[in-house]
2 protein chains.
Amino acid sequence: MENYHPDECLVNTALAPIIGKWKVLILLHIDYHTTLRFNELRRAIPDITQRVLTAHLRELEQEHLIERRVFGQGRPKVEYSLSEHGQTLQPILRQLHAWGKAHHAYLAAQQQK
Amino acid sequence: MENYHPDECLVNTALAPIIGKWKVLILLHIDYHTTLRFNELRRAIPDITQRVLTAHLRELEQEHLIERRVFGQGRPKVEYSLSEHGQTLQPILRQLHAWGKAHHAYLAAQQQK
DNA sequence: CAGCATCCTCGCGGATACTG
DNA sequence: CAGTATCCGCGAGGATGCTG
């Protein structure tokens with residue numbers, strides 16, 4: 001692991017795009033299904049408001065982490081998918097997923113003592 | 001990579017302990033110096049208020065990510081360090097660090113087009 | 001279906017002053 | 001040195017209604 005120094009730390013700039021109560025969850029769902037439509041995402045994350053969902057999708061799009069494709073003919077249809085650059089987040093997302101599990105188990109075990 | 005499913009996702013529970021504007025930065029500093037005293041942390045992160053620093057340290061402690069040791073004799077002296085469990089976060093922290101750099105470079109390159 | 005427009009709440013984080 | 005104790009502002013997120 002190369003040297004690192006916390007000053008002028010980029011972790012905050014690294015986290016900024018994925019912080020926000022739902023962003024990582026959105027990314028994971030899109031990743032998991034490869035591509036998702038707007039209302040599919042709403043159903044997948046029932047507790048999110050569409051106002052917030054829209055806002056987060058816009059931000060993720062502006063940071064080039066996801067791509068938004070519109071198929072206009074007939075009924076509106078919009079598909080979201082991870083951008084090429086967004087895919088670089090995959091390993092981190094999955095590590096977080098794994099760590100979350102471990103952390104959860106750890107806290108549960110701690111509780112019983 | 002083992003199978004994962006975003007429902008009942010643990011990423012949020014994984015992120016919860018490390019979200020908060022400064023938490024990751026605090027963890028990185030403690031990690032980098034192995035052990036740090038309260039005012040050393042304040043100096044290391046000048047923009048943080050001690051109210052907020054205290055609050056975050058307490059939360060990180062409650063989640064067993066850091067350890068707080070008091071050396072009471074004479075002048076008060078408190079040392080913070082990563083707990084054993086907190087060390088499991090190291091790889092993720094450093095990956096975030098690396099990804100932050102890459103993302104930063106990516107956005108900069110994007111800007112020039 | 002995929003949003004936009006408003007209005008509102010609430011709690012994180014900040015500022016300042018004080019203490020064992 | 002390592003914190004409490006108050007007070008406060010602001011902005012992310014929520015609720016509801018409407019639209020091309």
# chains A, B, ... in the order shown; residues from 1 in each chain; ligands from 1
>>> interface_residues(of="chain A", to="chain D", cutoff="12 Å", atoms="only C-alpha atoms (C1' of nucleotides)", output="PDB file with N, CA, C and O atoms, in the first residue's frame")
ATOM      1  N   ILE A  19     -21.874  10.123  -0.340  1.00  0.00           N
ATOM      2  CA  ILE A  19     -22.603  10.407   0.884  1.00  0.00           C
ATOM      3  C   ILE A  19     -23.967  10.955   0.518  1.00  0.00           C
ATOM      4  O   ILE A  19     -24.192  11.434  -0.569  1.00  0.00           O
ATOM      5  N   GLY A  20     -24.826  10.932   1.436  1.00  0.00           N
ATOM      6  CA  GLY A  20     -26.228  11.199   1.146  1.00  0.00           C
ATOM      7  C   GLY A  20     -26.914   9.916   1.509  1.00  0.00           C
ATOM      8  O   GLY A  20     -26.485   8.843   1.124  1.00  0.00           O
ATOM      9  N   LYS A  21     -27.972  10.067   2.242  1.00  0.00           N
ATOM     10  CA  LYS A  21     -28.539   8.916   2.941  1.00  0.00           C
ATOM     11  C   LYS A  21     -28.736   7.705   2.044  1.00  0.00           C
ATOM     12  O   LYS A  21     -28.711   6.567   2.501  1.00  0.00           O
ATOM     13  N   TRP A  22     -28.951   7.923   0.753  1.00  0.00           N
ATOM     14  CA  TRP A  22     -29.388   6.815  -0.084  1.00  0.00           C
ATOM     15  C   TRP A  22     -28.452   6.501  -1.232  1.00  0.00           C
ATOM     16  O   TRP A  22     -28.660   5.523  -1.949  1.00  0.00           O
ATOM     17  N   ASP A  47     -38.714   3.339   0.890  1.00  0.00           N
ATOM     18  CA  ASP A  47     -38.736   4.409   1.882  1.00  0.00           C
ATOM     19  C   ASP A  47     -38.243   5.749   1.352  1.00  0.00           C
ATOM     20  O   ASP A  47     -38.276   6.752   2.062  1.00  0.00           O
ATOM     21  N   ILE A  48     -37.787   5.760   0.117  1.00  0.00           N
ATOM     22  CA  ILE A  48     -37.267   7.012  -0.425  1.00  0.00           C
ATOM     23  C   ILE A  48     -38.394   7.789  -1.098  1.00  0.00           C
ATOM     24  O   ILE A  48     -39.307   7.209  -1.685  1.00  0.00           O
ATOM     25  N   THR A  49     -38.346   9.089  -0.976  1.00  0.00           N
ATOM     26  CA  THR A  49     -39.304   9.947  -1.683  1.00  0.00           C
ATOM     27  C   THR A  49     -38.813  10.130  -3.102  1.00  0.00           C
ATOM     28  O   THR A  49     -37.626  10.105  -3.364  1.00  0.00           O
ATOM     29  N   GLN A  50     -39.740  10.355  -4.038  1.00  0.00           N
ATOM     30  CA  GLN A  50     -39.226  10.503  -5.388  1.00  0.00           C
ATOM     31  C   GLN A  50     -38.517  11.820  -5.564  1.00  0.00           C
ATOM     32  O   GLN A  50     -37.628  11.936  -6.400  1.00  0.00           O
ATOM     33  N   ARG A  51     -38.846  12.797  -4.746  1.00  0.00           N
ATOM     34  CA  ARG A  51     -38.114  14.049  -4.808  1.00  0.00           C
ATOM     35  C   ARG A  51     -36.643  13.814  -4.501  1.00  0.00           C
ATOM     36  O   ARG A  51     -35.750  14.298  -5.200  1.00  0.00           O
ATOM     37  N   VAL A  52     -36.406  13.050  -3.450  1.00  0.00           N
ATOM     38  CA  VAL A  52     -35.037  12.767  -3.030  1.00  0.00           C
ATOM     39  C   VAL A  52     -34.363  11.830  -4.018  1.00  0.00           C
ATOM     40  O   VAL A  52     -33.186  12.019  -4.365  1.00  0.00           O
ATOM     41  N   LEU A  53     -35.113  10.835  -4.471  1.00  0.00           N
ATOM     42  CA  LEU A  53     -34.552   9.914  -5.454  1.00  0.00           C
ATOM     43  C   LEU A  53     -34.098  10.675  -6.693  1.00  0.00           C
ATOM     44  O   LEU A  53     -32.970  10.508  -7.171  1.00  0.00           O
ATOM     45  N   ALA A  55     -33.338  13.820  -6.963  1.00  0.00           N
ATOM     46  CA  ALA A  55     -32.202  14.686  -6.645  1.00  0.00           C
ATOM     47  C   ALA A  55     -30.901  13.897  -6.615  1.00  0.00           C
ATOM     48  O   ALA A  55     -29.892  14.296  -7.189  1.00  0.00           O
ATOM     49  N   HIS A  56     -30.937  12.739  -5.963  1.00  0.00           N
ATOM     50  CA  HIS A  56     -29.723  11.933  -5.860  1.00  0.00           C
ATOM     51  C   HIS A  56     -29.277  11.412  -7.219  1.00  0.00           C
ATOM     52  O   HIS A  56     -28.087  11.388  -7.522  1.00  0.00           O
ATOM     53  N   GLY A  72     -37.697   7.955 -25.693  1.00  0.00           N
ATOM     54  CA  GLY A  72     -38.827   8.872 -25.708  1.00  0.00           C
ATOM     55  C   GLY A  72     -40.096   8.373 -26.361  1.00  0.00           C
ATOM     56  O   GLY A  72     -41.178   8.792 -25.990  1.00  0.00           O
ATOM     57  N   ARG A  75     -44.737   5.970 -24.378  1.00  0.00           N
ATOM     58  CA  ARG A  75     -44.668   6.318 -22.956  1.00  0.00           C
ATOM     59  C   ARG A  75     -43.223   6.628 -22.595  1.00  0.00           C
ATOM     60  O   ARG A  75     -42.297   5.961 -23.085  1.00  0.00           O
ATOM     61  N   PRO A  76     -43.010   7.608 -21.719  1.00  0.00           N
ATOM     62  CA  PRO A  76     -41.649   7.931 -21.289  1.00  0.00           C
ATOM     63  C   PRO A  76     -40.975   6.731 -20.639  1.00  0.00           C
ATOM     64  O   PRO A  76     -41.627   5.925 -19.966  1.00  0.00           O
TER      65      PRO A  76
END
>>> select_by_dssp(residues="range 56-85 of chain A", states="alpha helix (DSSP H)", output="ChimeraX atom specification")
/A:56-62
>>> calpha_fit_and_write(fixed="chain B", moving="chain A", output="mmCIF file with C-alpha atoms, in the first residue's frame")
data_model
loop_
_atom_site.group_PDB
_atom_site.id
_atom_site.type_symbol
_atom_site.label_atom_id
_atom_site.label_comp_id
_atom_site.auth_asym_id
_atom_site.auth_seq_id
_atom_site.Cartn_x
_atom_site.Cartn_y
_atom_site.Cartn_z
ATOM 1 C CA MET A 1 -17.074 -12.146 -4.830
ATOM 2 C CA GLU A 2 -19.974 -13.739 -3.086
ATOM 3 C CA ASN A 3 -23.520 -13.016 -4.065
ATOM 4 C CA TYR A 4 -25.153 -9.943 -2.709
ATOM 5 C CA HIS A 5 -28.557 -8.429 -2.884
ATOM 6 C CA PRO A 6 -29.277 -4.807 -2.169
ATOM 7 C CA ASP A 7 -32.501 -5.443 -0.282
ATOM 8 C CA GLU A 8 -32.131 -5.306 3.449
ATOM 9 C CA CYS A 9 -28.880 -3.783 2.438
ATOM 10 C CA LEU A 10 -26.164 -3.570 5.017
ATOM 11 C CA VAL A 11 -24.286 -0.882 3.237
ATOM 12 C CA ASN A 12 -26.287 1.733 5.064
ATOM 13 C CA THR A 13 -25.547 0.104 8.375
ATOM 14 C CA ALA A 14 -21.968 -0.149 7.238
ATOM 15 C CA LEU A 15 -21.833 3.507 6.378
ATOM 16 C CA ALA A 16 -23.724 4.783 9.376
ATOM 17 C CA PRO A 17 -20.737 4.528 11.719
ATOM 18 C CA ILE A 18 -18.398 6.318 9.348
ATOM 19 C CA ILE A 19 -20.765 8.906 7.944
ATOM 20 C CA GLY A 20 -20.624 12.283 9.496
ATOM 21 C CA LYS A 21 -18.676 15.016 7.910
ATOM 22 C CA TRP A 22 -15.442 14.239 9.705
ATOM 23 C CA LYS A 23 -15.501 10.682 10.922
ATOM 24 C CA VAL A 24 -13.453 9.101 8.191
ATOM 25 C CA LEU A 25 -10.917 11.880 8.406
ATOM 26 C CA ILE A 26 -10.633 11.355 12.147
ATOM 27 C CA LEU A 27 -10.159 7.633 11.656
ATOM 28 C CA LEU A 28 -7.490 8.213 9.045
ATOM 29 C CA HIS A 29 -5.533 10.573 11.255
ATOM 30 C CA ILE A 30 -5.665 8.209 14.192
ATOM 31 C CA ASP A 31 -4.669 5.370 11.921
ATOM 32 C CA TYR A 32 -1.818 7.321 10.431
ATOM 33 C CA HIS A 33 -0.329 8.324 13.755
ATOM 34 C CA THR A 34 -1.321 5.104 15.522
ATOM 35 C CA THR A 35 -2.309 7.145 18.545
ATOM 36 C CA LEU A 36 -3.336 10.758 18.990
ATOM 37 C CA ARG A 37 -4.316 13.036 21.829
ATOM 38 C CA PHE A 38 -7.338 15.270 21.761
ATOM 39 C CA ASN A 39 -5.602 18.522 20.958
ATOM 40 C CA GLU A 40 -3.336 16.830 18.471
ATOM 41 C CA LEU A 41 -6.459 15.853 16.581
ATOM 42 C CA ARG A 42 -7.747 19.408 16.779
ATOM 43 C CA ARG A 43 -4.538 20.703 15.291
ATOM 44 C CA ALA A 44 -4.558 17.997 12.647
ATOM 45 C CA ILE A 45 -8.073 18.978 11.588
ATOM 46 C CA PRO A 46 -8.188 22.709 12.157
ATOM 47 C CA ASP A 47 -11.618 23.269 10.647
ATOM 48 C CA ILE A 48 -13.436 21.065 13.114
ATOM 49 C CA THR A 49 -15.034 22.468 16.248
ATOM 50 C CA GLN A 50 -14.143 20.722 19.442
ATOM 51 C CA ARG A 51 -17.800 20.226 20.164
ATOM 52 C CA VAL A 52 -18.138 18.245 16.964
ATOM 53 C CA LEU A 53 -14.811 16.519 17.419
ATOM 54 C CA THR A 54 -15.837 15.355 20.875
ATOM 55 C CA ALA A 55 -19.208 14.187 19.641
ATOM 56 C CA HIS A 56 -17.707 12.185 16.799
ATOM 57 C CA LEU A 57 -15.082 10.641 19.025
ATOM 58 C CA ARG A 58 -17.798 9.546 21.439
ATOM 59 C CA GLU A 59 -19.800 7.961 18.647
ATOM 60 C CA LEU A 60 -16.798 6.190 17.174
ATOM 61 C CA GLU A 61 -16.019 4.925 20.629
ATOM 62 C CA GLN A 62 -19.555 3.658 21.173
ATOM 63 C CA GLU A 63 -19.319 1.693 17.976
ATOM 64 C CA HIS A 64 -16.056 0.196 19.216
ATOM 65 C CA LEU A 65 -14.054 1.586 16.325
ATOM 66 C CA ILE A 66 -11.668 3.548 18.498
ATOM 67 C CA GLU A 67 -10.378 3.294 22.025
ATOM 68 C CA ARG A 68 -10.066 6.104 24.500
ATOM 69 C CA ARG A 69 -7.445 5.818 27.182
ATOM 70 C CA VAL A 70 -7.093 8.309 30.010
ATOM 71 C CA PHE A 71 -3.857 8.941 31.857
ATOM 72 C CA GLY A 72 -5.089 10.882 34.834
ATOM 73 C CA GLN A 73 -2.035 11.719 36.861
ATOM 74 C CA GLY A 74 -1.000 15.365 36.786
ATOM 75 C CA ARG A 75 -2.345 17.162 33.721
ATOM 76 C CA PRO A 76 -5.196 15.361 31.954
ATOM 77 C CA LYS A 77 -4.060 13.266 29.041
ATOM 78 C CA VAL A 78 -6.235 11.270 26.707
ATOM 79 C CA GLU A 79 -5.113 9.075 23.880
ATOM 80 C CA TYR A 80 -7.194 7.793 21.030
ATOM 81 C CA SER A 81 -6.306 4.810 18.887
ATOM 82 C CA LEU A 82 -8.008 2.389 16.562
ATOM 83 C CA SER A 83 -9.547 -0.552 18.344
ATOM 84 C CA GLU A 84 -8.876 -4.030 17.099
ATOM 85 C CA HIS A 85 -12.237 -4.022 15.424
ATOM 86 C CA GLY A 86 -11.628 -0.563 14.009
ATOM 87 C CA GLN A 87 -8.564 -1.849 12.224
ATOM 88 C CA THR A 88 -10.795 -3.948 10.019
ATOM 89 C CA LEU A 89 -11.759 -0.659 8.413
ATOM 90 C CA GLN A 90 -8.221 0.102 7.301
ATOM 91 C CA PRO A 91 -8.399 -1.495 3.841
ATOM 92 C CA ILE A 92 -11.627 0.326 3.081
ATOM 93 C CA LEU A 93 -10.291 3.643 4.293
ATOM 94 C CA ARG A 94 -7.229 3.320 2.129
ATOM 95 C CA GLN A 95 -9.218 2.221 -0.873
ATOM 96 C CA LEU A 96 -11.415 5.247 -0.420
ATOM 97 C CA HIS A 97 -8.296 7.338 -0.225
ATOM 98 C CA ALA A 98 -7.033 5.885 -3.474
ATOM 99 C CA TRP A 99 -10.395 6.171 -5.164
ATOM 100 C CA GLY A 100 -10.677 9.781 -4.070
ATOM 101 C CA LYS A 101 -7.427 10.542 -5.816
ATOM 102 C CA ALA A 102 -8.511 8.815 -8.991
ATOM 103 C CA HIS A 103 -11.907 10.470 -8.904
ATOM 104 C CA HIS A 104 -10.322 13.840 -8.395
ATOM 105 C CA ALA A 105 -8.007 13.339 -11.342
ATOM 106 C CA TYR A 106 -10.909 12.098 -13.420
ATOM 107 C CA LEU A 107 -12.974 15.184 -12.720
ATOM 108 C CA ALA A 108 -10.020 17.449 -13.439
ATOM 109 C CA ALA A 109 -9.448 15.778 -16.777
ATOM 110 C CA GLN A 110 -13.156 15.998 -17.505
ATOM 111 C CA GLN A 111 -13.075 19.695 -16.777
ATOM 112 C CA GLN A 112 -10.545 20.428 -19.487
ATOM 113 C CA LYS A 113 -12.575 18.970 -22.304
#
>>> closest_atom_pairs(of="chain C", to="chain A", cutoff="8 Å", atoms="only C-alpha atoms (C1' of nucleotides)", output="CSV")
residue,atom,partner,partner_atom,distance
C:DC1,C1',A:Pro76,CA,5.6
C:DA2,C1',A:Phe38,CA,6.7
C:DG3,C1',A:Thr54,CA,7.8
>>> select_by_dssp(residues="range 30-88 of chain B", states="strand (DSSP E or B)", output="ChimeraX atom specification")
/B:35-37,66-70,78-82
